[in-house]
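This is target-v6.pdb. It holds PDB, C-alpha atoms.
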ATOM      1  CA  MET D  16     -28.346  13.114  31.409
ATOM      2  CA  ALA D  17     -27.025   9.905  29.888
ATOM      3  CA  GLU D  18     -28.730   8.376  26.878
ATOM      4  CA  PRO D  19     -30.868   5.289  27.501
ATOM      5  CA  LEU D  20     -29.080   1.992  26.831
ATOM      6  CA  LYS D  21     -31.670   1.142  24.185
ATOM      7  CA  ASP D  22     -30.228   3.900  22.015
ATOM      8  CA  MET D  23     -27.100   1.819  21.357
ATOM      9  CA  TYR D  24     -29.303  -0.016  18.866
ATOM     10  CA  HIS D  25     -29.605   2.444  16.028
ATOM     11  CA  GLU D  26     -29.601   2.225  12.261
ATOM     12  CA  GLN D  27     -25.828   2.526  11.910
ATOM     13  CA  PHE D  28     -25.225  -0.248  14.473
ATOM     14  CA  LEU D  29     -27.725  -2.524  12.737
ATOM     15  CA  ARG D  30     -26.240  -1.807   9.321
ATOM     16  CA  GLN D  31     -22.680  -2.480  10.525
ATOM     17  CA  PHE D  32     -23.818  -5.717  12.127
ATOM     18  CA  GLY D  33     -25.652  -6.697   8.940
ATOM     19  CA  GLU D  34     -22.487  -6.132   6.930
ATOM     20  CA  LYS D  35     -20.611  -8.502   9.249
ATOM     21  CA  VAL D  36     -23.247 -11.155   8.692
ATOM     22  CA  HIS D  37     -23.279 -10.583   4.936
ATOM     23  CA  ALA D  38     -19.491 -11.000   4.791
ATOM     24  CA  VAL D  39     -19.869 -14.639   5.872
ATOM     25  CA  TYR D  40     -23.392 -15.356   4.599
ATOM     26  CA  LYS D  41     -23.876 -13.799   1.169
ATOM     27  CA  ALA D  42     -27.636 -14.457   1.105
ATOM     28  CA  PHE D  43     -28.098 -12.070   4.038
ATOM     29  CA  ASN D  44     -29.961  -8.933   2.969
ATOM     30  CA  THR D  45     -28.655  -6.159   5.213
ATOM     31  CA  GLU D  46     -31.040  -3.497   3.915
ATOM     32  CA  ALA D  47     -34.126  -5.662   4.409
ATOM     33  CA  PHE D  48     -32.918  -6.740   7.851
ATOM     34  CA  VAL D  49     -32.397  -3.150   9.019
ATOM     35  CA  ALA D  50     -35.756  -2.040   7.616
ATOM     36  CA  ALA D  51     -37.596  -4.946   9.259
ATOM     37  CA  VAL D  52     -35.969  -4.344  12.639
ATOM     38  CA  MET D  53     -36.722  -0.617  12.611
ATOM     39  CA  GLU D  54     -40.353  -0.744  11.483
ATOM     40  CA  ASP D  55     -43.533  -0.571  13.555
ATOM     41  CA  GLY D  56     -42.761   1.415  16.680
ATOM     42  CA  TRP D  57     -39.025   0.730  16.928
ATOM     43  CA  TYR D  58     -38.362   4.032  18.701
ATOM     44  CA  ASP D  59     -40.945   3.247  21.380
ATOM     45  CA  LEU D  60     -39.450  -0.141  22.263
ATOM     46  CA  LYS D  61     -37.577  -0.581  25.526
ATOM     47  CA  LEU D  62     -34.119  -2.180  25.671
ATOM     48  CA  LYS D  63     -35.209  -5.805  26.070
ATOM     49  CA  GLU D  64     -37.922  -5.320  23.466
ATOM     50  CA  ARG D  65     -35.325  -4.073  20.999
ATOM     51  CA  ILE D  66     -33.092  -7.041  21.748
ATOM     52  CA  ARG D  67     -36.013  -9.393  21.103
ATOM     53  CA  ARG D  68     -36.949  -7.568  17.885
ATOM     54  CA  ILE D  69     -33.385  -7.839  16.587
ATOM     55  CA  SER D  70     -33.126 -11.534  17.431
ATOM     56  CA  THR D  71     -36.492 -12.514  15.987
ATOM     57  CA  VAL D  72     -35.941 -10.573  12.770
ATOM     58  CA  LEU D  73     -32.357 -11.809  12.477
ATOM     59  CA  GLY D  74     -33.600 -15.371  12.760
ATOM     60  CA  THR D  75     -35.766 -14.880   9.682
ATOM     61  CA  TYR D  76     -32.784 -13.693   7.623
ATOM     62  CA  LEU D  77     -30.312 -16.370   8.749
ATOM     63  CA  PRO D  78     -30.311 -19.902   7.303
ATOM     64  CA  PRO D  79     -33.478 -21.787   8.277
ATOM     65  CA  ARG D  80     -31.631 -24.701   9.897
ATOM     66  CA  TYR D  81     -30.734 -23.725  13.456
ATOM     67  CA  GLU D  82     -27.319 -25.358  13.194
ATOM     68  CA  ASP D  83     -26.501 -23.382  10.046
ATOM     69  CA  ALA D  84     -27.708 -20.136  11.615
ATOM     70  CA  LEU D  85     -25.403 -20.721  14.582
ATOM     71  CA  ASP D  86     -22.517 -21.394  12.192
ATOM     72  CA  VAL D  87     -23.043 -17.928  10.702
ATOM     73  CA  LEU D  88     -23.025 -16.343  14.152
ATOM     74  CA  TYR D  89     -19.976 -18.365  15.195
ATOM     75  CA  ALA D  90     -18.153 -17.041  12.127
ATOM     76  CA  ILE D  91     -18.586 -13.444  13.307
ATOM     77  CA  ASP D  92     -18.807 -13.662  17.090
ATOM     78  CA  ALA D  93     -15.160 -12.711  17.610
ATOM     79  CA  ALA D  94     -15.984  -9.361  15.986
ATOM     80  CA  CYS D  95     -19.210  -8.990  17.991
ATOM     81  CA  VAL D  96     -18.028  -8.529  21.550
ATOM     82  CA  GLY D  97     -19.677  -6.487  24.279
ATOM     83  CA  PHE D  98     -23.037  -5.648  25.753
ATOM     84  CA  PRO D  99     -24.720  -4.638  22.465
ATOM     85  CA  TYR D 100     -24.486  -8.217  21.246
ATOM     86  CA  LEU D 101     -26.789  -9.619  23.934
ATOM     87  CA  PHE D 102     -29.127 -10.538  21.113
ATOM     88  CA  PHE D 103     -26.826 -13.470  20.273
ATOM     89  CA  THR D 104     -27.956 -15.234  23.449
ATOM     90  CA  ASP D 105     -31.528 -14.166  22.752
ATOM     91  CA  ILE D 106     -31.330 -15.897  19.348
ATOM     92  CA  VAL D 107     -30.609 -19.113  21.233
ATOM     93  CA  GLU D 108     -33.541 -18.474  23.568
ATOM     94  CA  VAL D 109     -35.913 -17.828  20.676
ATOM     95  CA  TYR D 110     -34.784 -20.441  18.150
ATOM     96  CA  GLY D 111     -32.916 -23.098  20.143
ATOM     97  CA  GLN D 112     -35.617 -24.394  22.472
ATOM     98  CA  SER D 113     -36.254 -27.780  20.907
ATOM     99  CA  GLU D 114     -35.002 -30.815  22.792
ATOM    100  CA  GLU D 115     -32.939 -31.932  19.807
ATOM    101  CA  HIS D 116     -30.914 -28.697  20.043
ATOM    102  CA  TRP D 117     -30.297 -28.815  23.801
ATOM    103  CA  GLY D 118     -26.553 -29.528  23.659
ATOM    104  CA  LEU D 119     -25.973 -27.188  20.744
ATOM    105  CA  SER D 120     -27.891 -24.411  22.504
ATOM    106  CA  MET D 121     -25.992 -24.856  25.775
ATOM    107  CA  ASP D 122     -22.681 -24.630  23.890
ATOM    108  CA  ALA D 123     -23.903 -21.534  22.058
ATOM    109  CA  LEU D 124     -25.050 -19.865  25.283
ATOM    110  CA  GLU D 125     -21.686 -20.525  26.902
ATOM    111  CA  ARG D 126     -19.835 -19.103  23.914
ATOM    112  CA  PHE D 127     -22.057 -16.061  23.376
ATOM    113  CA  THR D 128     -22.537 -15.135  27.041
ATOM    114  CA  SER D 129     -18.809 -14.782  27.625
ATOM    115  CA  LYS D 130     -18.595 -12.340  24.725
ATOM    116  CA  SER D 131     -21.606 -10.151  25.542
ATOM    117  CA  SER D 132     -21.610  -9.758  29.307
TER     118      SER D 132
END

Take the structure in this file and express it as structure tokens.
Amino acid sequence: MAEPLKDMYHEQFLRQFGEKVHAVYKAFNTEAFVAAVMEDGWYDLKLKERIRRISTVLGTYLPPRYEDALDVLYAIDAACVGFPYLFFTDIVEVYGQSEEHWGLSMDALERFTSKSS
């Protein structure tokens, strides 16, 4: 029997992703990010719940200005290609809803969707 898709999100994946972020954003705390993502029932979460957990936690460790957070993700998105990186588009859904960010969010969705689906 094949493993559930949610299992692609494991500690090693999160740590490797965190290292990519840290390489371009030195204030990023990979250890704290991984610990925060994996706490409180992580193993019981379904796929979409894990994606949402990653994106919401990631948003708290990226720069507080939405534009700056996107710049960090843009700096690594070429190295973050494939289905596991669906949380990039979820970041936009969670943090890019304000009217002032409409154009920026649409550009980000176009860029990230082509890399993750």

(request) Enumerate, as a PyMOL selection string, the residues matched when the PyMOL selection byres ((chain D and resi 126) around 12) is run on the file above. (result) chain D and resi 85+88-89+92-93+95-96+101+103-104+107+119-125+127-132

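The coordinates place CA of Val52 in chain D at 8.4 Å from CA of Arg65 in chain D.
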
(request) Skip Asp22 in chain D itself and residues of its chain fewer than 2 positions away, then list as JSON, numbers by chain all residues within 10 Å of it, counting all atoms listed in the file. (result) {"D": [18, 19, 20, 24, 25, 26, 28, 58, 61, 62, 65]}

(message) Nearest residue to Thr75 in chain D out of D:Phe102, D:Tyr110, D:Leu60, D:Glu115, using all atoms listed in the file?
(response) D:Tyr110

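With distances restricted to only C-alpha atoms, D:Ile69 is the closest residue to Glu54 in chain D from D:Ile69, D:Ala94, D:Ala17, D:Leu77.
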
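Among the candidates D:Phe32, D:Tyr76, D:Phe48, D:Trp117, the one nearest to Ile91 in chain D when counting all atoms listed in the file is D:Phe32.
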
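CA of Val109 in chain D sits 17.3 Å away from CA of Ala51 in chain D.
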
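Put simply, CA of Val72 in chain D is 20.2 Å away from CA of His116 in chain D.
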
(request) Go through the shown structure with the PyMOL selection byres ((chain D and resi 37) around 12) and write out the matching residues as number ranges by chain. (result) D: 30-36, 38-48, 73, 76-78, 87-88, 90-91

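Proximity of D:Val49, D:Arg80, D:Asp86, D:Ile66 to Glu108 in chain D, computed with only C-alpha atoms, is greatest for D:Ile66.
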
(message) Here is a test: counting all atoms listed in the file, which residue of D:Thr71, D:Gly56, D:Pro99, D:Asp83 is nearest to Lys21 in chain D?
(response) D:Pro99

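Comparing D:Arg67, D:Gly111, D:Met53, D:Phe98 by their smallest distance to Pro79 in chain D, the closest is D:Gly111 (using all atoms listed in the file).
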